[in-house]
>>> print(open('structure.cif').read())   # mmCIF, C-alpha atoms
data_run
#
loop_
_atom_site.group_PDB
_atom_site.id
_atom_site.type_symbol
_atom_site.label_atom_id
_atom_site.label_comp_id
_atom_site.auth_asym_id
_atom_site.auth_seq_id
_atom_site.Cartn_x
_atom_site.Cartn_y
_atom_site.Cartn_z
ATOM 1 C CA MET A 19 -13.316 0.764 56.458
ATOM 2 C CA MET A 20 -12.056 3.659 54.322
ATOM 3 C CA LEU A 21 -12.582 6.230 57.070
ATOM 4 C CA LYS A 22 -10.927 3.982 59.618
ATOM 5 C CA ASP A 23 -7.822 3.403 57.488
ATOM 6 C CA HIS A 24 -7.520 6.796 55.791
ATOM 7 C CA GLY A 25 -9.528 9.226 57.931
ATOM 8 C CA MET A 26 -6.509 11.395 58.782
ATOM 9 C CA ILE A 27 -5.164 12.991 55.590
ATOM 10 C CA THR A 28 -1.809 14.568 54.790
ATOM 11 C CA LEU A 29 -2.206 16.926 51.855
ATOM 12 C CA GLU A 30 0.634 18.014 49.550
ATOM 13 C CA ILE A 31 0.117 21.255 47.610
ATOM 14 C CA GLU A 32 1.953 23.125 44.864
ATOM 15 C CA VAL A 33 1.171 25.645 42.137
ATOM 16 C CA MET A 34 1.655 24.425 38.553
ATOM 17 C CA ASN A 35 1.882 26.822 35.600
ATOM 18 C CA ILE A 36 0.970 25.851 32.044
ATOM 19 C CA ASN A 37 1.038 28.547 29.340
ATOM 20 C CA GLU A 38 0.913 31.242 32.034
ATOM 21 C CA ILE A 39 -2.205 29.701 33.593
ATOM 22 C CA ALA A 40 -1.812 28.766 37.265
ATOM 23 C CA PHE A 41 -3.336 25.651 38.819
ATOM 24 C CA MET A 42 -3.258 24.651 42.472
ATOM 25 C CA MET A 43 -2.404 20.961 42.464
ATOM 26 C CA THR A 44 -2.972 18.729 45.484
ATOM 27 C CA THR A 45 -2.540 15.089 46.337
ATOM 28 C CA SER A 46 -3.329 13.172 49.504
ATOM 29 C CA SER A 47 -0.611 10.870 50.746
ATOM 30 C CA ALA A 48 -2.631 7.834 51.856
ATOM 31 C CA MET A 49 -5.417 7.788 49.271
ATOM 32 C CA HIS A 50 -3.509 9.375 46.355
ATOM 33 C CA PHE A 51 -6.580 11.453 45.553
ATOM 34 C CA ARG A 52 -5.429 14.258 43.254
ATOM 35 C CA THR A 53 -7.070 17.567 42.432
ATOM 36 C CA ALA A 54 -6.361 20.487 40.133
ATOM 37 C CA GLN A 55 -8.021 23.836 40.606
ATOM 38 C CA ILE A 56 -7.435 26.800 38.329
ATOM 39 C CA ILE A 57 -6.429 30.004 40.072
ATOM 40 C CA ASN A 58 -6.615 33.271 38.185
ATOM 41 C CA ASN A 59 -3.399 34.538 39.703
ATOM 42 C CA ASN A 60 -0.875 33.613 42.361
ATOM 43 C CA ILE A 61 -2.321 35.989 44.912
ATOM 44 C CA MET A 62 -2.206 34.355 48.328
ATOM 45 C CA THR A 63 -5.870 35.048 49.117
ATOM 46 C CA LYS A 64 -7.020 33.143 46.018
ATOM 47 C CA ILE A 65 -4.756 30.200 46.853
ATOM 48 C CA MET A 66 -6.016 30.085 50.450
ATOM 49 C CA THR A 67 -9.649 30.336 49.294
ATOM 50 C CA SER A 68 -9.080 27.359 46.962
ATOM 51 C CA LEU A 69 -7.370 25.415 49.734
ATOM 52 C CA LYS A 70 -10.201 26.090 52.208
ATOM 53 C CA GLN A 71 -12.755 24.892 49.620
ATOM 54 C CA LEU A 72 -10.776 21.676 49.203
ATOM 55 C CA ILE A 73 -10.513 21.162 52.973
ATOM 56 C CA ASN A 74 -14.280 21.653 53.294
ATOM 57 C CA ALA A 75 -14.822 19.042 50.555
ATOM 58 C CA TYR A 76 -12.688 16.520 52.484
ATOM 59 C CA HIS A 77 -14.463 17.358 55.756
ATOM 60 C CA GLY A 78 -17.838 16.957 54.039
ATOM 61 C CA ARG A 79 -16.922 13.330 53.308
ATOM 62 C CA GLY A 80 -15.834 12.659 56.880
ATOM 63 C CA LEU A 81 -12.081 12.953 56.228
ATOM 64 C CA LYS A 82 -9.870 15.194 58.350
ATOM 65 C CA ILE A 83 -6.873 17.080 57.005
ATOM 66 C CA CYS A 84 -4.249 16.912 59.745
ATOM 67 C CA HIS A 85 -1.073 17.990 57.860
ATOM 68 C CA ILE A 86 -0.346 20.120 54.807
ATOM 69 C CA LEU A 87 3.016 19.949 53.045
ATOM 70 C CA GLY A 88 3.994 22.731 50.672
ATOM 71 C CA TYR A 89 6.180 25.665 49.779
ATOM 72 C CA ARG A 90 7.166 28.198 52.370
ATOM 73 C CA GLN A 91 5.498 30.873 50.191
ATOM 74 C CA PHE A 92 2.072 29.479 51.105
ATOM 75 C CA ASN A 93 2.432 30.580 54.763
ATOM 76 C CA ILE A 94 0.036 27.818 55.757
ATOM 77 C CA ARG A 95 0.553 28.167 59.501
ATOM 78 C CA GLU A 96 -0.975 31.635 59.561
ATOM 79 C CA HIS A 97 -4.113 30.573 57.682
ATOM 80 C CA MET A 98 -4.588 26.936 58.707
ATOM 81 C CA GLY A 99 -3.277 26.991 62.284
ATOM 82 C CA PRO A 100 -6.629 28.123 63.727
ATOM 83 C CA MET A 101 -8.265 25.146 61.982
ATOM 84 C CA GLY A 102 -5.942 22.718 63.800
ATOM 85 C CA ILE A 103 -4.016 21.777 60.654
ATOM 86 C CA LEU A 104 -0.261 21.394 61.049
ATOM 87 C CA ASP A 105 2.078 22.525 58.300
ATOM 88 C CA ASN A 106 5.454 21.411 57.086
ATOM 89 C CA THR A 107 7.074 23.765 54.612
ATOM 90 C CA THR A 108 10.012 23.042 52.360
ATOM 91 C CA GLY A 109 13.260 24.938 52.380
ATOM 92 C CA CYS A 110 14.422 27.259 49.638
ATOM 93 C CA ASP A 111 14.778 25.567 46.231
ATOM 94 C CA GLU A 112 13.077 22.388 47.489
ATOM 95 C CA HIS A 113 9.852 20.635 46.506
ATOM 96 C CA VAL A 114 7.485 18.228 48.212
ATOM 97 C CA PRO A 115 8.513 15.047 46.361
ATOM 98 C CA GLU A 116 5.086 13.415 45.839
ATOM 99 C CA ILE A 117 3.380 16.448 44.309
ATOM 100 C CA TYR A 118 6.502 17.450 42.369
ATOM 101 C CA TRP A 119 6.687 14.082 40.600
ATOM 102 C CA TYR A 120 2.927 14.045 40.040
ATOM 103 C CA ILE A 121 3.145 17.407 38.234
ATOM 104 C CA ARG A 122 6.131 16.292 36.141
ATOM 105 C CA THR A 123 4.322 13.084 35.134
ATOM 106 C CA LEU A 124 1.139 14.988 34.294
ATOM 107 C CA LYS A 125 3.004 17.487 32.100
ATOM 108 C CA GLU A 126 4.940 14.716 30.362
ATOM 109 C CA ARG A 127 1.792 12.723 29.578
ATOM 110 C CA THR A 128 0.029 15.843 28.314
ATOM 111 C CA ARG A 129 2.926 16.657 25.972
ATOM 112 C CA THR A 130 2.890 13.075 24.698
ATOM 113 C CA ILE A 131 -0.825 13.239 23.907
ATOM 114 C CA VAL A 132 -0.534 16.623 22.162
ATOM 115 C CA ASN A 133 2.447 15.519 20.078
ATOM 116 C CA ASN A 134 0.675 12.336 18.984
ATOM 117 C CA LEU A 135 -2.414 14.131 17.692
ATOM 118 C CA PRO A 136 -2.946 13.617 13.955
ATOM 119 C CA PHE A 137 -3.060 17.346 13.176
ATOM 120 C CA GLU A 138 -0.493 19.575 11.486
ATOM 121 C CA ASN A 139 -1.439 22.617 13.552
ATOM 122 C CA THR A 140 -3.065 22.889 16.954
ATOM 123 C CA PRO A 141 -4.652 25.901 18.648
ATOM 124 C CA ILE A 142 -1.528 26.202 20.809
ATOM 125 C CA ASP A 143 0.684 26.784 17.770
ATOM 126 C CA LYS A 144 1.039 30.494 17.091
#
>>> encode(input="structure.cif", output="structure tokens")
Amino acid sequence: MMLKDHGMITLEIEVMNINEIAFMMTTSSAMHFRTAQIINNNIMTKIMTSLKQLINAYHGRGLKICHILGYRQFNIREHMGPMGILDNTTGCDEHVPEIYWYIRTLKERTRTIVNNLPFENTPIDK
């Protein structure tokens, strides 16, 4: 039933930075399955390697990525075109709405948790 209804996946991707640490964040449109993968730097090869690992994980479960939505900087067409994955990139100063709001919500909830901790100082305080 799950494969029949949600077998074709549209993936939204974006890079999130927290304290100068970069994470590649993804969410699937139909299933709302979200992932976060740390990337040591914003070098395109590392981002594409992470994305290919994620695609292989979806394929391993019988799901097919058919579209990827993301920033123009990702240059998805060059890397994913041979795999039969279509891309849709945003314009300058635009975001993919679903992943953008997911990242904002995640950061807001994290700040709320940290600020409600019963400690005077935390390791993040310098």
>>> atom_distance(input="structure.cif", atom1="CA of Ile131 in chain A", atom2="CA of Met34 in chain A")
18.6 Å
>>> atom_distance(input="structure.cif", atom1="CA of Glu32 in chain A", atom2="CA of Ile121 in chain A")
8.8 Å
>>> residues_near_point(input="structure.cif", point="(-5.6, 30.5, 39.3)", cutoff="8 Å", atoms="all atoms listed in the file", output="PyMOL selection string")
chain A and resi 39-42+55-60+64-65
>>> closest_residue(input="structure.cif", among="A:Asp105, A:Glu126, A:Glu116, A:Asp111", to="Cys84 in chain A", atoms="all atoms listed in the file")
A:Asp105
>>> closest_residue(input="structure.cif", among="A:Leu29, A:Cys110, A:Leu104, A:Met98", to="Lys70 in chain A", atoms="all atoms listed in the file")
A:Met98
>>> resolve_selection(input="structure.cif", expression="the PyMOL selection byres ((chain A and resi 102) around 12)", output="JSON list (two decimals) with C-alpha atoms, in the coordinates of the input")
[["chain", "number", "residue", "atom", "x", "y", "z"],
["A", 73, "ILE", "CA", -10.51, 21.16, 52.97],
["A", 82, "LYS", "CA", -9.87, 15.19, 58.35],
["A", 83, "ILE", "CA", -6.87, 17.08, 57.00],
["A", 84, "CYS", "CA", -4.25, 16.91, 59.74],
["A", 85, "HIS", "CA", -1.07, 17.99, 57.86],
["A", 86, "ILE", "CA", -0.35, 20.12, 54.81],
["A", 94, "ILE", "CA", 0.04, 27.82, 55.76],
["A", 95, "ARG", "CA", 0.55, 28.17, 59.50],
["A", 96, "GLU", "CA", -0.98, 31.64, 59.56],
["A", 97, "HIS", "CA", -4.11, 30.57, 57.68],
["A", 98, "MET", "CA", -4.59, 26.94, 58.71],
["A", 99, "GLY", "CA", -3.28, 26.99, 62.28],
["A", 100, "PRO", "CA", -6.63, 28.12, 63.73],
["A", 101, "MET", "CA", -8.26, 25.15, 61.98],
["A", 103, "ILE", "CA", -4.02, 21.78, 60.65],
["A", 104, "LEU", "CA", -0.26, 21.39, 61.05],
["A", 105, "ASP", "CA", 2.08, 22.52, 58.30]]
>>> atom_distance(input="structure.cif", atom1="CA of Thr123 in chain A", atom2="CA of Asn37 in chain A")
16.8 Å
>>> axis_aligned_box(input="structure.cif", around="range 133-137 of chain A", padding_each_side="6 Å", output="JSON")
{"center_x": -0.3, "center_y": 14.8, "center_z": 16.6, "size_x": 17.5, "size_y": 17.0, "size_z": 18.9}
>>> residues_around(input="structure.cif", residues="Tyr118 in chain A", least_positions_apart="4", cutoff="12 Å", atoms="only C-alpha atoms", output="list in words")
Glu30, Ile31, Glu32, Val33, Met34, Met43, Thr44, Thr45, Leu87, Gly88, Tyr89, Thr108, Glu112, His113, Val114, Arg122, Thr123, Leu124 and Lys125 of chain A
>>> write_last_selection(input="structure.cif", atoms="C-alpha atoms", output="compact mmCIF listing (two decimals), in the coordinates of the input")
# COMPACT_ATOMS: atom_id res chain seq x y z
CA GLU A 30 0.63 18.01 49.55
CA ILE A 31 0.12 21.26 47.61
CA GLU A 32 1.95 23.12 44.86
CA VAL A 33 1.17 25.64 42.14
CA MET A 34 1.66 24.42 38.55
CA MET A 43 -2.40 20.96 42.46
CA THR A 44 -2.97 18.73 45.48
CA THR A 45 -2.54 15.09 46.34
CA LEU A 87 3.02 19.95 53.04
CA GLY A 88 3.99 22.73 50.67
CA TYR A 89 6.18 25.66 49.78
CA THR A 108 10.01 23.04 52.36
CA GLU A 112 13.08 22.39 47.49
CA HIS A 113 9.85 20.64 46.51
CA VAL A 114 7.48 18.23 48.21
CA ARG A 122 6.13 16.29 36.14
CA THR A 123 4.32 13.08 35.13
CA LEU A 124 1.14 14.99 34.29
CA LYS A 125 3.00 17.49 32.10
>>> closest_residue(input="structure.cif", among="A:Asn106, A:Ala54, A:Thr130, A:Gln91", to="Thr28 in chain A", atoms="all atoms listed in the file")
A:Asn106
>>> residues_near_point(input="structure.cif", point="(-14.2, 15.0, 52.2)", cutoff="12 Å", atoms="all atoms listed in the file", output="list in words")
Met20, Leu21, His24, Gly25, Met26, Ile27, Ser46, Met49, Phe51, Lys70, Gln71, Leu72, Ile73, Asn74, Ala75, Tyr76, His77, Gly78, Arg79, Gly80, Leu81, Lys82 and Ile83 of chain A
